[in-house]
4 protein chains.
Amino acid sequence: MIKTTILRTRKPRLKNPVLIEGLPGVGHVGKLVAEHMVEELGAKKIMEIYSPHLPPQVIVEHDGTVRLVKNELYAYKSKSKHDILILVGDHQSATNEGHYELTGVFLDIAEEFKVERIYALGGYGVGQLVETETVLGAANNIKLVKELKGYGVEFKPNEPGGGIVGASGLLLGLGELRGIDAVCLMGVTSGYLVDPKSAQAVLKVLCKILEIDVDMQALEERASEMEKIVAKLREMEQGQMPASTDEDLRYIG
Amino acid sequence: MIKTTILRTRKPRLKNPVLIEGLPGVGHVGKLVAEHMVEELGAKKIMEIYSPHLPPQVIVEHDGTVRLVKNELYAYKSKSKHDILILVGDHQSATNEGHYELTGVFLDIAEEFKVERIYALGGYGVGQLVETETVLGAANNIKLVKELKGYGVEFKPNEPGGGIVGASGLLLGLGELRGIDAVCLMGVTSGYLVDPKSAQAVLKVLCKILEIDVDMQALEERASEMEKIVAKLREMEQGQMPASTDEDLRYIG
Amino acid sequence: MIKTTILRTRKPRLKNPVLIEGLPGVGHVGKLVAEHMVEELGAKKIMEIYSPHLPPQVIVEHDGTVRLVKNELYAYKSKSKHDILILVGDHQSATNEGHYELTGVFLDIAEEFKVERIYALGGYGVGQLVETETVLGAANNIKLVKELKGYGVEFKPNEPGGGIVGASGLLLGLGELRGIDAVCLMGVTSGYLVDPKSAQAVLKVLCKILEIDVDMQALEERASEMEKIVAKLREMEQGQMPASTDEDLRYIG
Amino acid sequence: MIKTTILRTRKPRLKNPVLIEGLPGVGHVGKLVAEHMVEELGAKKIMEIYSPHLPPQVIVEHDGTVRLVKNELYAYKSKSKHDILILVGDHQSATNEGHYELTGVFLDIAEEFKVERIYALGGYGVGQLVETETVLGAANNIKLVKELKGYGVEFKPNEPGGGIVGASGLLLGLGELRGIDAVCLMGVTSGYLVDPKSAQAVLKVLCKILEIDVDMQALEERASEMEKIVAKLREMEQGQMPASTDEDLRYIG
């Protein structure tokens with residue numbers, strides 16, 4: 001395999017579709033939201049995307065079988081105004097050029113389905129433990145910025161200062177060159193831990209915008225597990241407890 | 001040379017062939033097994049594979065001549081049910097994209113010979129000295145998992161946790177996309193040392209599956225040499241002997 | 001996007017044009033000069049250059065909108081002898097091969113406009129704080145060297161010792177292969193700080209050569225801000241004050 | 001420039017030519033020999049090779065002009081049996097794939113001139129200061145090994161242990177695939193310093209093989225300068241003098 005390859009498993013007709021991207025990134029916020037939506041909405045897989053720009057790796061499943069790392073596209077036929085495409089995956093591209101190529105592939109798919117808007121989901125790492133439900137936004141035109149402010153999304157001048165890197169950033173940037181509306185919703189998070197609480201905040205905003213209901217219980221449970229850990233971490237910060245649980249944290253999520 | 005290049009030296013006809021891959025990897029387990037099989041079975045070289053994805057390097061032989069680093073394919077006409085192709089080599093690809101391309105080449109060859117199954121051999125590094133004959137398995141479909149369990153191959157949910165990386169992983173993953181049955185047999189090993197004992201364990205399983213006999217003496221001798229070294233290492237761990245033999249260890253195998 | 005892409009917004013006719021390159025580099029000297037010229041001269045944007053060799057990143061603007069990282073070409077119709085093309089950008093290529101490809105694109109543009117000469121601007125980092133207005137030169141033929149000496153540009157045998165790396169270097173080197181005159185003007189600078197004072201020195205030389213006037217006030221203001229910081233740094237060096245302002249320095253400019 | 005590009009300046013007819021490669025490498029041994037031969041023999045430049053696989057860099061000359069980093073081919077019409085092509089350059093490829101591509105280009109040139117043999121020159125770094133005139137050899141067939149032994153070239157089983165990396169290695173390895181005889185002559189050297197003494201040793205062997213005379217005075221002078229430095233280094237090792245001359249050493253050669 002020397003080229004990015006798409007396997008199509010279904011060809012749905014979608015009405016006024018939007019595309020939600022939740023590939024792995026800071027705090028796995030986008031990934032948590034997107035995978036939760038696939039699960040709760042019962043979205044159907046319609047494409048698998050394999051690429052030499054992804055790591056040369058298979059993942060071993062629970063039953064001993066393997067699957068090649070990939071990105072996947074799911075479709076959900078909604079009762080509200082917009083049907084929904086959801087892009088999830090094991091990894092983002094491992095190289096700069098790969099990011100450009102794969103995002104180009106995602107935008108080809110968006111154009112094929114006449115996607116009306118792209119929602120790129122991610123986390124905004126602030127480098128310290130936070131208890132906030134802030135969702136930071138960015139968009140590829142000013143009309144979208146105004147609209148999102150109405151949903152409580154915050155915009156801060158020139159933030160994130162380092163820009164938005166990877167698939168989320170390029171969906172907005174390359175999307176603009178193709179005339180596709182795209183916004184990025186970033187849950188504020190420490191950046192150290194997988195953050196289901198921040199994912200909840202992002203999901204709430206998204207549900208309001210898309211006028212859909214998504215059961216949040218699973219995400220809440222993970223968030224409350226995580227809060228216990230965060231509480232422990234704070235204790236440790238103050239009392240300088242030995243960092244014995246450090247290892248565990250990395251595997252949560 | 002800007003493309004992967006295959007030199008064909010023979011074109012054998014093979015009956016129900018399987019492909020065994022033993023490229024360098026963790027503990028050189030796969031490489032030990034595959035090279036031992038080539039040697040003991042007297043398999044004939046039928047292809048040399050050169051590629052710009054391999055390091056830009058020649059190896060100096062005993063007589064002062066050199067050879068370009070390469071991968072090689074050997075064929076063995078068996079008296080049992082399956083003829084055998086054996087893939088060995090000096091190196092795996094040095095880049096991610098190269099792994100995808102080279103594995104694509106290996107699968108083209110597998111298709112050309114109508115290979116019925118691929119056995120990707122490797123080691124599973126557990127990070128400490130082990131005395132076990134455990135062979136861990138993974139496969140690209142559930143039927144294979146069940147079959148392998150019958151041969152004593154162990155399957156643990158989601159292990160290896162980091163997935164299977166490189167040619168072995170991609171032979172399973174890309175193999176599945178082409179409809180080729182493929183399994184990975186991983187000898188449990190420390191990951192620190194070349195491990196002929198672990199290689200023996202893998203080879204035993206493989207001989208049972210393929211219903212062939214392979215003389216193991218050479219591998220046993222290397223294993224017993226290695227055991228002496230491991231014994232010394234254990235002593236050193238306990239008595240904190242000076243690590244004077246450290247250098248040697250790297251060159252064993 | 002898998003290829004470098006040019007968006008053209010205007011197609012001006014230019015008389016005897018020269019091309020000024022001020023992409024990011026040592027002390028951001030070239031970038032400061034070029035962006036200052038665009039601003040003060042009111043040059044018009046005529047091209048945007050996007051490339052997979054640039055980082056996969058969007059920059060967030062003051063109003064919450066984003067823009068994909070890019071290089072830009074501006075045109076200024078001068079009252080003196082030469083119209084001016086100015087190349088600015090967020091980043092240079094992230095890879096070696098990308099530098100060659102992008103510089104090739106820049107030279108294609110130079111040929112399209114029949115550019116008479118290229119001025120590649122940069123900084124020459126000397127590794128310590130300097131108070132000098134020295135502008136070091138290099139050129140792709142000896143006639144240019146002689147001419148520049150007449151403008152006070154200094155030439156030191158084999159300096160910079162490490163050669164000139166990136167777009168500036170390749171504009172001279174690849175330019176020579178295409179028969180395009182090109183010079184590099186390097187403001188001597190510490191290499192640690194964004195250096196508007198060094199930028200002023202380069203701009204003065206450039207204005208003399210091109211027989212144009214550029215208001216320098218904005219650059220002077222930034223330079224005098226920077227001088228305060230440099231003064232503080234010197235104090236710190238002598239009195240070993242705590243390096244509390246260290247963080248700020250990185251964000252100036 | 002996105003492809004390797006050859007500029008031809010002359011097209012000589014050569015009788016029974018051999019190709020000597022002296023690109024930069026360990027101890028710059030090969031480079032010293034090849035550049036010395038170009039100088040002393042008055043060989044004429046016949047090709048310049050530019051490539052995006054070389055660093056994106058120009059070198060500043062003594063007079064303030066620059067030149068793009070490149071490889072160069074020189075031709076010398078000899079009075080003995082073989083005319084000589086000499087390959088020198090500022091750098092080798094910066095990437096693995098680039099090594100394969102550029103060596104392919106070198107071999108195309110060798111085939112074009114019907115080169116009878118390639119001499120790849122280099123150093124063999126032993127990691128400590130040495131006083132020896134040993135020249136280690138390797139070749140791409142056994143006949144060459146035997147012939148070289150007659151000239152005092154030493155062959156040690158499996159040395160260099162790490163193989164031969166880069167252009168020298170690939171000229172032998174890829175050369176063999178094209179049926180071109182190629183040998184590597186490696187001057188034993190510390191690997192820490194530019195080593196004109198080791199270069200002399202290699203040159204002596206080469207002159208004997210090619211039945212040519214090359215004045216060695218310039219190389220001797222550099223070697224005796226270097227010996228003084230080596231003597232100082234030995235003193236320092238013993239008396240633990242402050243390493244004040246350390247910086248200078250790097251610039252010698």
# chains A, B, ... in the order shown; residues from 1 in each chain; ligands from 1
call {"tool": "interface_residues", "arguments": {"of": "chain C", "to": "chain D", "cutoff": "8 Å", "atoms": "only C-alpha atoms", "output": "PyMOL selection string"}}
result
chain C and resi 96-97+99-101+103-104+137-142+145+155-167+169-170+172-174
call {"tool": "write_last_selection", "arguments": {"atoms": "C-alpha atoms", "output": "mmCIF file, in the first residue's frame"}}
result
data_model
loop_
_atom_site.group_PDB
_atom_site.id
_atom_site.type_symbol
_atom_site.label_atom_id
_atom_site.label_comp_id
_atom_site.auth_asym_id
_atom_site.auth_seq_id
_atom_site.Cartn_x
_atom_site.Cartn_y
_atom_site.Cartn_z
ATOM 1 C CA ASN C 96 15.143 19.890 3.182
ATOM 2 C CA GLU C 97 13.421 18.728 0.031
ATOM 3 C CA HIS C 99 13.146 24.085 0.735
ATOM 4 C CA TYR C 100 14.310 23.069 -2.725
ATOM 5 C CA GLU C 101 10.775 22.749 -4.025
ATOM 6 C CA THR C 103 12.479 27.996 -3.689
ATOM 7 C CA GLY C 104 11.918 26.544 -7.144
ATOM 8 C CA GLY C 137 26.462 40.526 2.308
ATOM 9 C CA ALA C 138 26.773 37.603 -0.047
ATOM 10 C CA ALA C 139 25.880 37.419 -3.718
ATOM 11 C CA ASN C 140 25.720 34.945 -6.553
ATOM 12 C CA ASN C 141 28.262 36.770 -8.711
ATOM 13 C CA ILE C 142 31.280 38.986 -8.150
ATOM 14 C CA VAL C 145 29.602 41.918 -4.491
ATOM 15 C CA PHE C 155 31.847 41.068 2.951
ATOM 16 C CA LYS C 156 34.011 38.797 5.054
ATOM 17 C CA PRO C 157 35.842 35.866 3.494
ATOM 18 C CA ASN C 158 33.869 32.658 3.974
ATOM 19 C CA GLU C 159 31.351 34.214 6.356
ATOM 20 C CA PRO C 160 28.839 33.042 7.461
ATOM 21 C CA GLY C 161 31.063 30.038 8.076
ATOM 22 C CA GLY C 162 28.104 27.684 8.134
ATOM 23 C CA GLY C 163 26.924 28.982 4.779
ATOM 24 C CA ILE C 164 23.432 30.369 4.230
ATOM 25 C CA VAL C 165 20.695 27.838 4.886
ATOM 26 C CA GLY C 166 17.065 27.730 3.761
ATOM 27 C CA ALA C 167 15.156 29.894 1.295
ATOM 28 C CA GLY C 169 20.563 30.545 0.560
ATOM 29 C CA LEU C 170 18.724 28.631 -2.150
ATOM 30 C CA LEU C 172 21.064 32.705 -4.443
ATOM 31 C CA GLY C 173 22.234 29.193 -5.244
ATOM 32 C CA LEU C 174 19.346 27.979 -7.390
#
call {"tool": "select_by_dssp", "arguments": {"residues": "region 14-58 of chain D", "states": "strand (DSSP E)", "output": "list in words"}}
result
Val18, Leu19, Ile20, Glu21, Lys44, Lys45, Ile46, Met47, Glu48, Ile49, Tyr50, Gln57 and Val58 of chain D
call {"tool": "atom_distance", "arguments": {"atom1": "CA of Gly179 (chain B)", "atom2": "CA of Ser80 (chain B)"}}
result
24.5 Å
call {"tool": "select_by_dssp", "arguments": {"residues": "region 56-125 of chain A", "states": "helix (DSSP H, G or I)", "output": "ChimeraX atom specification"}}
result
/A:96-112
call {"tool": "write_last_selection", "arguments": {"atoms": "N, CA and C atoms", "output": "mmCIF file, in the first residue's frame"}}
result
data_model
loop_
_atom_site.group_PDB
_atom_site.id
_atom_site.type_symbol
_atom_site.label_atom_id
_atom_site.label_comp_id
_atom_site.auth_asym_id
_atom_site.auth_seq_id
_atom_site.Cartn_x
_atom_site.Cartn_y
_atom_site.Cartn_z
ATOM 1 N N ASN A 96 4.045 15.607 8.558
ATOM 2 C CA ASN A 96 3.439 16.863 8.104
ATOM 3 C C ASN A 96 2.727 16.701 6.775
ATOM 4 N N GLU A 97 3.436 16.181 5.798
ATOM 5 C CA GLU A 97 2.853 16.025 4.467
ATOM 6 C C GLU A 97 1.625 15.121 4.535
ATOM 7 N N GLY A 98 1.692 14.098 5.375
ATOM 8 C CA GLY A 98 0.569 13.185 5.541
ATOM 9 C C GLY A 98 -0.669 13.902 6.054
ATOM 10 N N HIS A 99 -0.485 14.849 6.968
ATOM 11 C CA HIS A 99 -1.624 15.631 7.452
ATOM 12 C C HIS A 99 -2.312 16.353 6.291
ATOM 13 N N TYR A 100 -1.508 16.957 5.428
ATOM 14 C CA TYR A 100 -2.085 17.670 4.283
ATOM 15 C C TYR A 100 -2.817 16.691 3.371
ATOM 16 N N GLU A 101 -2.193 15.530 3.131
ATOM 17 C CA GLU A 101 -2.828 14.592 2.201
ATOM 18 C C GLU A 101 -4.123 14.025 2.780
ATOM 19 N N LEU A 102 -4.061 13.572 4.041
ATOM 20 C CA LEU A 102 -5.251 12.956 4.631
ATOM 21 C C LEU A 102 -6.384 13.974 4.775
ATOM 22 N N THR A 103 -6.060 15.211 5.174
ATOM 23 C CA THR A 103 -7.128 16.204 5.280
ATOM 24 C C THR A 103 -7.736 16.479 3.914
ATOM 25 N N GLY A 104 -6.888 16.434 2.882
ATOM 26 C CA GLY A 104 -7.424 16.553 1.523
ATOM 27 C C GLY A 104 -8.434 15.451 1.223
ATOM 28 N N VAL A 105 -8.117 14.238 1.665
ATOM 29 C CA VAL A 105 -9.040 13.108 1.470
ATOM 30 C C VAL A 105 -10.347 13.357 2.243
ATOM 31 N N PHE A 106 -10.245 13.844 3.467
ATOM 32 C CA PHE A 106 -11.450 14.100 4.267
ATOM 33 C C PHE A 106 -12.329 15.162 3.575
ATOM 34 N N LEU A 107 -11.675 16.163 3.011
ATOM 35 C CA LEU A 107 -12.439 17.234 2.350
ATOM 36 C C LEU A 107 -13.054 16.754 1.040
ATOM 37 N N ASP A 108 -12.383 15.830 0.352
ATOM 38 C CA ASP A 108 -12.993 15.218 -0.832
ATOM 39 C C ASP A 108 -14.298 14.528 -0.434
ATOM 40 N N ILE A 109 -14.236 13.806 0.678
ATOM 41 C CA ILE A 109 -15.433 13.114 1.169
ATOM 42 C C ILE A 109 -16.506 14.135 1.542
ATOM 43 N N ALA A 110 -16.114 15.199 2.214
ATOM 44 C CA ALA A 110 -17.080 16.241 2.596
ATOM 45 C C ALA A 110 -17.762 16.813 1.353
ATOM 46 N N GLU A 111 -16.976 17.032 0.302
ATOM 47 C CA GLU A 111 -17.559 17.578 -0.934
ATOM 48 C C GLU A 111 -18.481 16.567 -1.589
ATOM 49 N N GLU A 112 -18.088 15.290 -1.561
ATOM 50 C CA GLU A 112 -18.907 14.238 -2.165
ATOM 51 C C GLU A 112 -20.300 14.218 -1.521
#
call {"tool": "residues_around", "arguments": {"residues": "region 203-216 of chain A", "least_positions_apart": "4", "cutoff": "8 Å", "atoms": "only C-alpha atoms", "output": "list in words"}}
result
Val33, Met37, Glu40, Leu41, Ser78, Ser80, Lys81, His82, Tyr151, Gly152, Val153, Ala199 and Glu220 of chain A
call {"tool": "write_last_selection", "arguments": {"atoms": "N, CA and C atoms", "output": "mmCIF file, in the first residue's frame"}}
result
data_model
loop_
_atom_site.group_PDB
_atom_site.id
_atom_site.type_symbol
_atom_site.label_atom_id
_atom_site.label_comp_id
_atom_site.auth_asym_id
_atom_site.auth_seq_id
_atom_site.Cartn_x
_atom_site.Cartn_y
_atom_site.Cartn_z
ATOM 1 N N VAL A 33 -15.707 12.661 22.418
ATOM 2 C CA VAL A 33 -17.014 13.158 21.971
ATOM 3 C C VAL A 33 -17.490 12.358 20.762
ATOM 4 N N MET A 37 -20.659 9.802 20.487
ATOM 5 C CA MET A 37 -21.791 10.054 19.591
ATOM 6 C C MET A 37 -22.066 8.850 18.708
ATOM 7 N N GLU A 40 -23.773 6.293 21.060
ATOM 8 C CA GLU A 40 -25.106 6.626 21.577
ATOM 9 C C GLU A 40 -26.128 6.806 20.466
ATOM 10 N N LEU A 41 -25.674 7.339 19.320
ATOM 11 C CA LEU A 41 -26.607 7.567 18.216
ATOM 12 C C LEU A 41 -26.786 6.303 17.372
ATOM 13 N N SER A 78 -30.478 11.755 11.104
ATOM 14 C CA SER A 78 -31.038 12.466 12.245
ATOM 15 C C SER A 78 -32.509 12.818 12.007
ATOM 16 N N SER A 80 -33.594 15.656 13.273
ATOM 17 C CA SER A 80 -33.533 17.121 13.188
ATOM 18 C C SER A 80 -33.058 17.525 11.794
ATOM 19 N N LYS A 81 -32.616 18.737 11.657
ATOM 20 C CA LYS A 81 -32.359 19.310 10.336
ATOM 21 C C LYS A 81 -31.188 18.661 9.583
ATOM 22 N N HIS A 82 -30.155 18.265 10.337
ATOM 23 C CA HIS A 82 -28.925 17.811 9.687
ATOM 24 C C HIS A 82 -28.615 16.345 9.960
ATOM 25 N N TYR A 151 -23.958 30.398 21.100
ATOM 26 C CA TYR A 151 -24.089 29.120 21.811
ATOM 27 C C TYR A 151 -23.154 29.027 23.017
ATOM 28 N N GLY A 152 -22.569 30.153 23.391
ATOM 29 C CA GLY A 152 -21.710 30.146 24.573
ATOM 30 C C GLY A 152 -20.267 29.770 24.294
ATOM 31 N N VAL A 153 -19.938 29.554 23.030
ATOM 32 C CA VAL A 153 -18.548 29.245 22.692
ATOM 33 C C VAL A 153 -17.714 30.515 22.875
ATOM 34 N N ALA A 199 -14.902 16.785 27.458
ATOM 35 C CA ALA A 199 -15.639 16.231 26.318
ATOM 36 C C ALA A 199 -17.138 16.492 26.466
ATOM 37 N N GLU A 220 -20.568 10.886 31.586
ATOM 38 C CA GLU A 220 -20.611 11.381 32.967
ATOM 39 C C GLU A 220 -19.900 10.428 33.914
#
call {"tool": "residues_around", "arguments": {"residues": "Glu133 (chain B)", "least_positions_apart": "4", "cutoff": "12 Å", "atoms": "only C-alpha atoms", "output": "PyMOL selection string"}}
result
chain B and resi 123-124+152-154+186-189+195-205
call {"tool": "write_last_selection", "arguments": {"atoms": "N, CA and C atoms", "output": "mmCIF file, in the first residue's frame"}}
result
data_model
loop_
_atom_site.group_PDB
_atom_site.id
_atom_site.type_symbol
_atom_site.label_atom_id
_atom_site.label_comp_id
_atom_site.auth_asym_id
_atom_site.auth_seq_id
_atom_site.Cartn_x
_atom_site.Cartn_y
_atom_site.Cartn_z
ATOM 1 N N GLY B 123 9.054 -11.589 18.394
ATOM 2 C CA GLY B 123 9.199 -11.728 19.832
ATOM 3 C C GLY B 123 8.260 -10.760 20.531
ATOM 4 N N TYR B 124 7.901 -11.117 21.745
ATOM 5 C CA TYR B 124 7.057 -10.235 22.539
ATOM 6 C C TYR B 124 7.852 -9.863 23.787
ATOM 7 N N GLY B 152 -1.664 -24.794 21.385
ATOM 8 C CA GLY B 152 -1.029 -24.274 22.596
ATOM 9 C C GLY B 152 -0.613 -22.810 22.514
ATOM 10 N N VAL B 153 -0.934 -22.169 21.399
ATOM 11 C CA VAL B 153 -0.626 -20.733 21.293
ATOM 12 C C VAL B 153 -1.566 -19.972 22.231
ATOM 13 N N GLU B 154 -1.003 -19.031 22.995
ATOM 14 C CA GLU B 154 -1.829 -18.279 23.937
ATOM 15 C C GLU B 154 -2.332 -16.971 23.331
ATOM 16 N N MET B 186 4.358 -14.955 18.463
ATOM 17 C CA MET B 186 5.367 -14.158 19.169
ATOM 18 C C MET B 186 5.911 -14.930 20.361
ATOM 19 N N GLY B 187 7.211 -15.218 20.337
ATOM 20 C CA GLY B 187 7.857 -15.839 21.478
ATOM 21 C C GLY B 187 8.025 -14.822 22.585
ATOM 22 N N VAL B 188 7.564 -15.161 23.786
ATOM 23 C CA VAL B 188 7.741 -14.250 24.907
ATOM 24 C C VAL B 188 9.223 -14.212 25.261
ATOM 25 N N THR B 189 9.770 -13.008 25.397
ATOM 26 C CA THR B 189 11.217 -12.833 25.580
ATOM 27 C C THR B 189 11.457 -11.549 26.361
ATOM 28 N N ASP B 195 17.302 -14.144 21.623
ATOM 29 C CA ASP B 195 16.716 -15.194 22.456
ATOM 30 C C ASP B 195 16.443 -16.487 21.685
ATOM 31 N N PRO B 196 17.452 -17.363 21.536
ATOM 32 C CA PRO B 196 17.242 -18.623 20.804
ATOM 33 C C PRO B 196 16.304 -19.591 21.534
ATOM 34 N N LYS B 197 16.171 -19.441 22.853
ATOM 35 C CA LYS B 197 15.261 -20.324 23.579
ATOM 36 C C LYS B 197 13.812 -20.009 23.193
ATOM 37 N N SER B 198 13.516 -18.729 23.143
ATOM 38 C CA SER B 198 12.192 -18.314 22.719
ATOM 39 C C SER B 198 11.946 -18.724 21.267
ATOM 40 N N ALA B 199 13.013 -18.629 20.456
ATOM 41 C CA ALA B 199 12.899 -19.043 19.055
ATOM 42 C C ALA B 199 12.534 -20.519 18.957
ATOM 43 N N GLN B 200 13.148 -21.341 19.837
ATOM 44 C CA GLN B 200 12.815 -22.775 19.868
ATOM 45 C C GLN B 200 11.335 -22.996 20.133
ATOM 46 N N ALA B 201 10.812 -22.249 21.090
ATOM 47 C CA ALA B 201 9.394 -22.399 21.438
ATOM 48 C C ALA B 201 8.512 -22.091 20.240
ATOM 49 N N VAL B 202 8.848 -21.017 19.530
ATOM 50 C CA VAL B 202 8.061 -20.652 18.349
ATOM 51 C C VAL B 202 8.185 -21.733 17.275
ATOM 52 N N LEU B 203 9.418 -22.203 17.086
ATOM 53 C CA LEU B 203 9.647 -23.199 16.040
ATOM 54 C C LEU B 203 8.869 -24.488 16.321
ATOM 55 N N LYS B 204 8.817 -24.885 17.598
ATOM 56 C CA LYS B 204 8.067 -26.110 17.953
ATOM 57 C C LYS B 204 6.600 -25.991 17.537
ATOM 58 N N VAL B 205 6.011 -24.870 17.873
ATOM 59 C CA VAL B 205 4.605 -24.652 17.495
ATOM 60 C C VAL B 205 4.440 -24.720 15.988
#
call {"tool": "residues_around", "arguments": {"residues": "Gly125 (chain B)", "least_positions_apart": "6", "cutoff": "8 Å", "atoms": "only C-alpha atoms", "output": "list in words"}}
result
Val26, Gly27, Val188, Thr189, Ser190, Gly191 and Tyr192 of chain B
call {"tool": "residues_around", "arguments": {"residues": "region 13-19 of chain D", "least_positions_apart": "5", "cutoff": "8 Å", "atoms": "only C-alpha atoms", "output": "PyMOL selection string"}}
result
chain D and resi 77+81-87+110+113-119
call {"tool": "write_last_selection", "arguments": {"atoms": "C-alpha atoms", "output": "compact mmCIF listing (two decimals), in the first residue's frame"}}
result
# COMPACT_ATOMS: atom_id res chain seq x y z
CA LYS D 77 43.53 11.97 -19.03
CA LYS D 81 46.54 2.62 -18.71
CA HIS D 82 43.46 4.21 -17.17
CA ASP D 83 41.94 7.65 -17.50
CA ILE D 84 40.42 8.77 -14.22
CA LEU D 85 37.06 10.21 -13.19
CA ILE D 86 37.04 11.76 -9.71
CA LEU D 87 33.82 12.39 -7.77
CA ALA D 110 29.83 5.30 -14.57
CA PHE D 113 31.63 6.37 -19.49
CA LYS D 114 31.99 2.57 -19.46
CA VAL D 115 33.92 2.81 -16.20
CA GLU D 116 35.94 -0.38 -15.63
CA ARG D 117 36.17 -0.11 -11.89
CA ILE D 118 35.06 2.12 -9.05
CA TYR D 119 37.33 3.06 -6.16
call {"tool": "closest_residue", "arguments": {"among": "A:Ile229, A:Leu23, A:Leu193, A:Ile46", "to": "Gln128 (chain A)", "atoms": "only C-alpha atoms"}}
result
A:Leu193
call {"tool": "atom_distance", "arguments": {"atom1": "CA of Ile49 (chain A)", "atom2": "CA of Leu73 (chain A)"}}
result
8.0 Å
call {"tool": "decode", "arguments": {"residues": "region 5-29 of chain B", "atoms": "C-alpha atoms", "output": "PDB file, in the first residue's frame"}}
result
ATOM      1  CA  THR B   5      13.577  -3.979  -6.866  1.00  0.00           C
ATOM      2  CA  ILE B   6      13.146  -7.749  -6.959  1.00  0.00           C
ATOM      3  CA  LEU B   7      15.785 -10.057  -8.416  1.00  0.00           C
ATOM      4  CA  ARG B   8      14.371 -13.495  -9.187  1.00  0.00           C
ATOM      5  CA  THR B   9      16.798 -16.364  -9.177  1.00  0.00           C
ATOM      6  CA  ARG B  10      14.402 -19.305  -9.488  1.00  0.00           C
ATOM      7  CA  LYS B  11      10.711 -19.782 -10.274  1.00  0.00           C
ATOM      8  CA  PRO B  12       9.562 -22.864  -8.382  1.00  0.00           C
ATOM      9  CA  ARG B  13       6.096 -24.399  -8.558  1.00  0.00           C
ATOM     10  CA  LEU B  14       4.766 -24.775  -5.050  1.00  0.00           C
ATOM     11  CA  LYS B  15       1.854 -26.794  -3.688  1.00  0.00           C
ATOM     12  CA  ASN B  16      -0.417 -25.130  -1.124  1.00  0.00           C
ATOM     13  CA  PRO B  17       2.379 -22.821  -0.025  1.00  0.00           C
ATOM     14  CA  VAL B  18       2.493 -20.900   3.219  1.00  0.00           C
ATOM     15  CA  LEU B  19       4.740 -17.866   3.797  1.00  0.00           C
ATOM     16  CA  ILE B  20       6.852 -17.585   6.932  1.00  0.00           C
ATOM     17  CA  GLU B  21       8.201 -14.109   7.725  1.00  0.00           C
ATOM     18  CA  GLY B  22      11.215 -13.816  10.023  1.00  0.00           C
ATOM     19  CA  LEU B  23      12.628 -10.312   9.603  1.00  0.00           C
ATOM     20  CA  PRO B  24      14.674  -8.752  12.434  1.00  0.00           C
ATOM     21  CA  GLY B  25      12.680  -7.627  15.456  1.00  0.00           C
ATOM     22  CA  VAL B  26      12.313  -7.999  19.229  1.00  0.00           C
ATOM     23  CA  GLY B  27      14.895 -10.505  20.535  1.00  0.00           C
ATOM     24  CA  HIS B  28      15.523 -11.484  16.916  1.00  0.00           C
ATOM     25  CA  VAL B  29      13.131 -14.348  17.634  1.00  0.00           C
TER      26      VAL B  29
END
